[in-house]
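Have a look at the structure below, then the notes.
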There are 2 protein chains.
Amino acid sequence: MGLPAKQIRPVGPTNLRLAPRRVSVCLLGCGVVGGELLQQITDQAATLAAEHDTEVRLVALANSRLILVADAGLDPARAVDWLDGPLPDGVRRYENTPSARDALLRELAQRPVPVLVDATACEGHTALFQRAVQRGIHVATANKKPLVVVNDRVEALSRAARRHRRAVRFETTVGAGLPIIETIKNLRTTGDTVRRIEGSLSGTLGYLTHQVSVGVPLSVAVRQAVEQGYSEPQPQDDLSGADVGRKGLILARELGLRLELDDVEIEPLVPSDLLEIDDVEAFLAALESVDDRFARRVESAAARGRVLRYLAVVDPSAPTPVRVGPVEVDRDHPAARLRGTEAFGALQTRRYDPCPLVVQGPGAGGAVTAAGLLADLLQIARRG
Amino acid sequence: MGLPAKQIRPVGPTNLRLAPRRVSVCLLGCGVVGGELLQQITDQAATLAAEHDTEVRLVALANSRLILVADAGLDPARAVDWLDGPLPDGVRRYENTPSARDALLRELAQRPVPVLVDATACEGHTALFQRAVQRGIHVATANKKPLVVVNDRVEALSRAARRHRRAVRFETTVGAGLPIIETIKNLRTTGDTVRRIEGSLSGTLGYLTHQVSVGVPLSVAVRQAVEQGYSEPQPQDDLSGADVGRKGLILARELGLRLELDDVEIEPLVPSDLLEIDDVEAFLAALESVDDRFARRVESAAARGRVLRYLAVVDPSAPTPVRVGPVEVDRDHPAARLRGTEAFGALQTRRYDPCPLVVQGPGAGGAVTAAGLLADLLQIARRG
């Protein structure tokens, strides 16, 4: 017995959309991550067109001083050179002023599936994101800072994004290319409850705690991290734990916790007074004074079968829901096994209990972060 | 210097789409996974509406015998009862025949964002999926079988899905709710190259190899697995490795390898002749005959600091690109640490090298599989 024929209405060609999907990108920042993203957009253009009917078109590029715009799109392989050099036909260059940024948003909003991509480390972009989504522009950010300002402003951004049906994607702010944020979103929208997140979220601090655990003096390990580019040029920024604190706050807010950065309890890896030394060489020299104390701490932990790691813990039911700092873990703890700049996030949930859902792997670096941003862009391209 | 005013065209309300996003679902199968999905759709309806402006509307439900359809949608909390009991007004019931399924697809295609959800374990659904996407219907499947038929047919399905811009999502076919397939897709679309995938992809075989490694005789462990519902009622199905082989093939095809199921090298956990015993009790009794041999194998591995696990390995450059079977791993191998029915997948790629990207956690069971299907549905809702 089939369904009655009168209910059968064949589907016409209106269900088919055969034009290529295009995202129109304005990229802010062309440092390590932004530069790598431009490279990946260049390298992937043919594959994205041939296999995914998708075009990522760079329509604007900005650094802290200048904005480039081209109606027909900028060549991602060459645009960085145009910021300072001679301009080809069809490319316009402006000073990066507040009014130019506003005009840029108005112009970007006219393009197919416009996306503002933030690959900077700038403060103050929350308002820019808000204006973008209000104009119908999606946002993909690797920059954590716009997401850790006061809660009211971030919630206003979320509300605006929802009202205007725009995406604000920020997968790369925690764990770079590792699928942590999206996994949390999926768990929550499908009705799971995240009870606890534990993670080693800093490549630098992961590297340092691993090095000291195999006997390298802390000051030597920090020097290596600076030389090998694992840490910020100012290693104090990493060792303070401030960056991990931001990631912890982003995760906590993703769980619906209405917290501020001040609510995050941060214990730096090294004594706070050392962190106040601005000069890098003086800081590294001062660090030698705590090498012995640090080594004894690591040895004492090892004698008890434990390993020092730098973890972020988000526990909505705890008096201090977000804590960041050095922690001794058992040898069979997931964090004990991390090598190099590997990161991990363990999500303990109502369904993933007692064993958590764990994502682990290299969680820092230009290539994997840019790939995460590009994945965010392609996700936006699919939703249109 | 702002952009010239003539380029400024304010965005009108056409950029705003404020109507709720609806997916119209036809669910095939209401066993453990399908039943749990109906429960989650029921439980999450209010949250999805309030927080995500999304409605998952069940417009049809089928088991192997019958199809239910309702123009105004079926109550997901009660629809299963209507398959056999009295029908409320507005709900139609048909025999599940090929012509009824075709009529169902035609009708489903008229609904907003139609999705065919396969929560069965049926053979033969590849053609159904093909007809669905040709009619403009998205597909979300937890059923592996339609994806492991001959390559030509699966590629034809992919081509049709692409041509009609429909999604065929199958995240739950490998690792249930763990984000393995989507992660591979993201790596590849952003230009990474997956060089090797290694995974423990069977909750049952993970459980069994863990139990024997702590001294439980194999036959006892299998009996426990059956009693606790970890394995299929016919444990031979799990122990043959055939299901892991299907998962290996799905992963290999995701890497672009044009392989058939026959190309997958499968070594069962127990001797093949035992697997030919159909009767479960007779099989379990026969299994006792290999308990000692198995225990010696495990002890001998332990003496060499190694642990027996059942792994799938996909290596595009190997003579046999997909191999599935019992393997001895080092104690610090990710698989050695798995407990209970935990699964894991390690993706070694050009960028994730030498440390792989690892996803780990409970990888089987109705709740996490249904949640993965619901996440697939919500992903489709976002893209529209």
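Order determines the names: the first chain of the structure tokens is A, the second B, and so forth; residues in each chain are numbered 1 upward, and ligands are numbered 1 upward as they are shown.
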Need to verify the contact set: region 206-211 of chain A, 9 Å, only C-alpha atoms, exclusion of same-chain residues closer than 3 positions in sequence. Can you return it as a tab-separated table (two decimals) with C-alpha atoms, in the first residue's frame?
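Here's the written file selection36.tsv:
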```
chain	number	residue	atom	x	y	z
A	200	SER	CA	46.29	21.28	29.41
A	201	LEU	CA	45.67	24.21	27.10
A	202	SER	CA	49.03	25.92	26.70
A	203	GLY	CA	51.61	24.50	24.35
A	214	VAL	CA	62.71	15.08	32.61
A	215	GLY	CA	65.32	17.06	34.54
A	216	VAL	CA	65.88	20.25	32.54
A	217	PRO	CA	66.25	23.32	34.82
A	218	LEU	CA	63.26	25.64	34.46
A	221	ALA	CA	63.59	25.15	29.47
A	222	VAL	CA	62.15	28.67	29.22
A	225	ALA	CA	60.97	27.70	24.50
A	230	TYR	CA	57.12	27.89	21.42
A	307	VAL	CA	54.01	14.56	37.57
A	308	LEU	CA	53.79	18.34	37.52
A	309	ARG	CA	51.51	19.78	34.84
A	310	TYR	CA	49.80	23.14	34.23
A	311	LEU	CA	46.06	22.59	34.01
A	326	PRO	CA	50.36	23.97	38.31
A	335	ALA	CA	48.08	15.08	31.13
A	336	ALA	CA	51.05	13.03	32.38
A	338	LEU	CA	51.63	14.81	27.00
A	339	ARG	CA	54.81	15.42	25.04
A	340	GLY	CA	56.20	18.55	23.45
A	341	THR	CA	53.54	21.19	22.89
A	342	GLU	CA	50.64	18.71	23.00
A	343	ALA	CA	47.40	19.90	24.56
```
*If we count only C-alpha atoms, what is near region 130-135 of chain B at a cut-off of 10 Å, once residues fewer than 5 positions away on the same chain are taken out, given as a PyMOL selection string?*
(chain A and resi 10-13+15-16) or (chain B and resi 102+104-110+114-116+125+153-154+156-168)
Pull N, CA, C and O atoms from the residues just selected and write them as a short mmCIF file (atom, residue, chain, number, x, y, z; two decimals), in the first residue's frame.
```
data_model
loop_
_atom_site.label_atom_id
_atom_site.label_comp_id
_atom_site.auth_asym_id
_atom_site.auth_seq_id
_atom_site.Cartn_x
_atom_site.Cartn_y
_atom_site.Cartn_z
N PRO A 10 5.94 16.04 -7.26
CA PRO A 10 7.37 15.92 -7.56
C PRO A 10 8.11 17.22 -7.23
O PRO A 10 7.54 18.31 -7.27
N VAL A 11 9.38 17.05 -6.89
CA VAL A 11 10.20 18.20 -6.51
C VAL A 11 10.77 18.87 -7.75
O VAL A 11 11.34 18.20 -8.60
N GLY A 12 10.59 20.13 -7.86
CA GLY A 12 11.12 20.87 -9.00
C GLY A 12 12.55 21.29 -8.79
O GLY A 12 13.14 21.00 -7.74
N PRO A 13 13.13 21.96 -9.78
CA PRO A 13 14.53 22.35 -9.70
C PRO A 13 14.80 23.42 -8.64
O PRO A 13 15.95 23.74 -8.37
N ASN A 15 14.73 23.09 -5.63
CA ASN A 15 15.47 22.49 -4.52
C ASN A 15 16.97 22.40 -4.80
O ASN A 15 17.74 22.07 -3.92
N LEU A 16 17.36 22.68 -6.01
CA LEU A 16 18.77 22.55 -6.37
C LEU A 16 19.43 23.92 -6.40
O LEU A 16 18.91 24.86 -6.99
N ASP B 102 9.03 4.93 -1.52
CA ASP B 102 9.20 5.93 -2.56
C ASP B 102 8.21 7.07 -2.40
O ASP B 102 8.55 8.24 -2.54
N LEU B 104 6.88 7.94 0.33
CA LEU B 104 7.31 8.66 1.53
C LEU B 104 8.39 9.69 1.19
O LEU B 104 8.33 10.84 1.65
N LEU B 105 9.35 9.29 0.37
CA LEU B 105 10.41 10.23 -0.02
C LEU B 105 9.82 11.42 -0.76
O LEU B 105 10.21 12.57 -0.54
N ARG B 106 8.88 11.12 -1.67
CA ARG B 106 8.28 12.23 -2.42
C ARG B 106 7.59 13.20 -1.49
O ARG B 106 7.67 14.42 -1.65
N GLU B 107 6.91 12.64 -0.50
CA GLU B 107 6.19 13.50 0.43
C GLU B 107 7.17 14.26 1.34
O GLU B 107 7.02 15.46 1.58
N LEU B 108 8.18 13.54 1.84
CA LEU B 108 9.17 14.17 2.73
C LEU B 108 9.86 15.35 2.03
O LEU B 108 10.14 16.39 2.65
N ALA B 109 10.12 15.17 0.73
CA ALA B 109 10.84 16.19 -0.04
C ALA B 109 10.12 17.54 -0.05
O ALA B 109 10.74 18.58 -0.32
N GLN B 110 8.80 17.53 0.23
CA GLN B 110 8.03 18.77 0.23
C GLN B 110 8.22 19.58 1.50
O GLN B 110 7.80 20.73 1.58
N PRO B 114 14.19 18.65 4.66
CA PRO B 114 13.87 17.25 4.94
C PRO B 114 15.12 16.41 5.18
O PRO B 114 16.14 16.59 4.50
N VAL B 115 15.06 15.52 6.15
CA VAL B 115 16.19 14.65 6.49
C VAL B 115 15.71 13.23 6.69
O VAL B 115 14.77 12.98 7.47
N LEU B 116 16.35 12.30 6.02
CA LEU B 116 16.12 10.87 6.24
C LEU B 116 17.16 10.40 7.25
O LEU B 116 18.36 10.53 7.01
N HIS B 125 20.18 0.01 1.92
CA HIS B 125 19.67 1.39 1.98
C HIS B 125 20.44 2.37 1.10
O HIS B 125 20.08 3.54 1.03
N ARG B 153 28.95 2.55 -6.07
CA ARG B 153 27.63 3.01 -5.62
C ARG B 153 27.74 4.08 -4.54
O ARG B 153 26.94 5.02 -4.49
N VAL B 154 28.73 3.95 -3.68
CA VAL B 154 28.91 4.96 -2.62
C VAL B 154 29.40 6.27 -3.24
O VAL B 154 28.98 7.36 -2.84
N ALA B 156 28.72 7.22 -6.27
CA ALA B 156 27.56 7.79 -6.96
C ALA B 156 26.67 8.55 -5.97
O ALA B 156 26.15 9.64 -6.28
N LEU B 157 26.53 7.99 -4.77
CA LEU B 157 25.75 8.67 -3.73
C LEU B 157 26.40 10.02 -3.37
O LEU B 157 25.72 11.05 -3.28
N SER B 158 27.72 10.01 -3.19
CA SER B 158 28.43 11.26 -2.87
C SER B 158 28.25 12.29 -3.97
O SER B 158 28.02 13.47 -3.70
N ARG B 159 28.38 11.81 -5.22
CA ARG B 159 28.24 12.75 -6.35
C ARG B 159 26.83 13.35 -6.37
O ARG B 159 26.66 14.55 -6.57
N ALA B 160 25.83 12.49 -6.16
CA ALA B 160 24.45 12.98 -6.18
C ALA B 160 24.23 13.98 -5.04
O ALA B 160 23.60 15.03 -5.23
N ALA B 161 24.78 13.67 -3.87
CA ALA B 161 24.62 14.57 -2.73
C ALA B 161 25.24 15.92 -3.04
O ALA B 161 24.68 16.98 -2.76
N ARG B 162 26.41 15.88 -3.67
CA ARG B 162 27.09 17.12 -3.99
C ARG B 162 26.30 17.90 -5.04
O ARG B 162 26.13 19.12 -4.93
N ARG B 163 25.83 17.18 -6.07
CA ARG B 163 25.12 17.85 -7.15
C ARG B 163 23.85 18.51 -6.63
O ARG B 163 23.48 19.60 -7.06
N HIS B 164 23.21 17.85 -5.68
CA HIS B 164 21.94 18.39 -5.16
C HIS B 164 22.15 19.19 -3.88
O HIS B 164 21.19 19.57 -3.23
N ARG B 165 23.41 19.41 -3.53
CA ARG B 165 23.75 20.18 -2.34
C ARG B 165 23.04 19.64 -1.09
O ARG B 165 22.48 20.41 -0.30
N ARG B 166 23.05 18.34 -0.96
CA ARG B 166 22.47 17.73 0.23
C ARG B 166 23.58 17.11 1.06
O ARG B 166 24.60 16.66 0.51
N ALA B 167 23.41 17.07 2.36
CA ALA B 167 24.38 16.43 3.24
C ALA B 167 24.09 14.94 3.35
O ALA B 167 22.93 14.55 3.41
N VAL B 168 25.14 14.13 3.35
CA VAL B 168 25.03 12.75 3.81
C VAL B 168 25.97 12.65 4.99
O VAL B 168 27.18 12.60 4.83
#
```
*Within 10 Å of Gly90 (chain B), counting only C-alpha atoms, which residues show up once you throw out same-chain ones fewer than 5 positions away? Write them as a PyMOL selection string, please.*
chain B and resi 69-74
Contacts from chain A to chain B, 6 Å maximum, only C-alpha atoms: show me the residue list as a short mmCIF file (atom, residue, chain, number, x, y, z; two decimals) with C-alpha atoms, in the first residue's frame.
```cif
data_model
loop_
_atom_site.label_atom_id
_atom_site.label_comp_id
_atom_site.auth_asym_id
_atom_site.auth_seq_id
_atom_site.Cartn_x
_atom_site.Cartn_y
_atom_site.Cartn_z
CA GLY A 2 1.62 3.23 -1.19
CA LEU A 3 0.70 6.73 -0.09
CA ASN A 15 15.47 22.49 -4.52
CA LEU A 16 18.77 22.55 -6.37
CA SER A 99 35.70 55.20 10.51
CA ALA A 100 37.52 53.20 7.82
CA ALA A 103 33.02 51.74 6.13
CA GLY A 136 24.82 40.50 8.64
CA HIS A 164 20.76 38.18 12.84
CA ASN A 186 27.26 19.46 20.28
CA THR A 190 21.90 17.31 22.29
CA PRO A 356 35.46 11.40 29.75
CA LEU A 357 35.50 12.38 26.10
CA VAL A 358 39.13 13.34 25.46
CA VAL A 359 40.62 15.34 22.61
CA GLN A 360 44.41 15.47 22.50
CA GLY A 361 47.14 16.62 20.17
CA ALA A 371 43.54 25.32 9.56
CA ALA A 375 37.50 25.01 8.88
CA ARG A 382 28.06 25.48 4.13
CA ARG A 383 25.42 27.29 6.16
#
```
*Would you please give, as an NGL selection string, all residues of region 9-255 of chain B that DSSP assigns to strand (DSSP E or B) based on the backbone?*
:B and (21-28 or 54-62 or 66-70 or 91-95 or 114-118 or 138-141 or 168-169 or 194-200)
*Mind listing the alpha helix (DSSP H) residues of region 215-353 of chain B, per DSSP on the backbone, as a PyMOL selection string?*
chain B and resi 218-227+235-239+242-254+272-275+280-303
*Would you list the contacts of region 250-264 of chain A as an MDAnalysis selection string, taking every protein, DNA or RNA residue within 6 Å and counting only C-alpha atoms, but skipping same-chain residues closer than 2 positions in sequence?*
chainID A and resid 247:248 322:323
Print the selection's residues with N, CA and C atoms to a file, as an mmCIF file, in the first residue's frame.
```
data_model
loop_
_atom_site.group_PDB
_atom_site.id
_atom_site.type_symbol
_atom_site.label_atom_id
_atom_site.label_comp_id
_atom_site.auth_asym_id
_atom_site.auth_seq_id
_atom_site.Cartn_x
_atom_site.Cartn_y
_atom_site.Cartn_z
ATOM 1 N N LYS A 247 41.418 31.095 28.223
ATOM 2 C CA LYS A 247 40.825 29.893 27.627
ATOM 3 C C LYS A 247 39.848 29.240 28.595
ATOM 4 N N GLY A 248 40.232 29.200 29.879
ATOM 5 C CA GLY A 248 39.334 28.634 30.885
ATOM 6 C C GLY A 248 38.025 29.399 30.939
ATOM 7 N N VAL A 322 36.447 28.116 37.828
ATOM 8 C CA VAL A 322 37.567 28.030 36.894
ATOM 9 C C VAL A 322 38.875 28.238 37.648
ATOM 10 N N ARG A 323 39.701 27.206 37.653
ATOM 11 C CA ARG A 323 41.001 27.295 38.296
ATOM 12 C C ARG A 323 42.075 26.913 37.289
#
```
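Of note, CA of Val117 (chain A) and CA of Ala142 (chain A) are spaced 8.0 Å apart.
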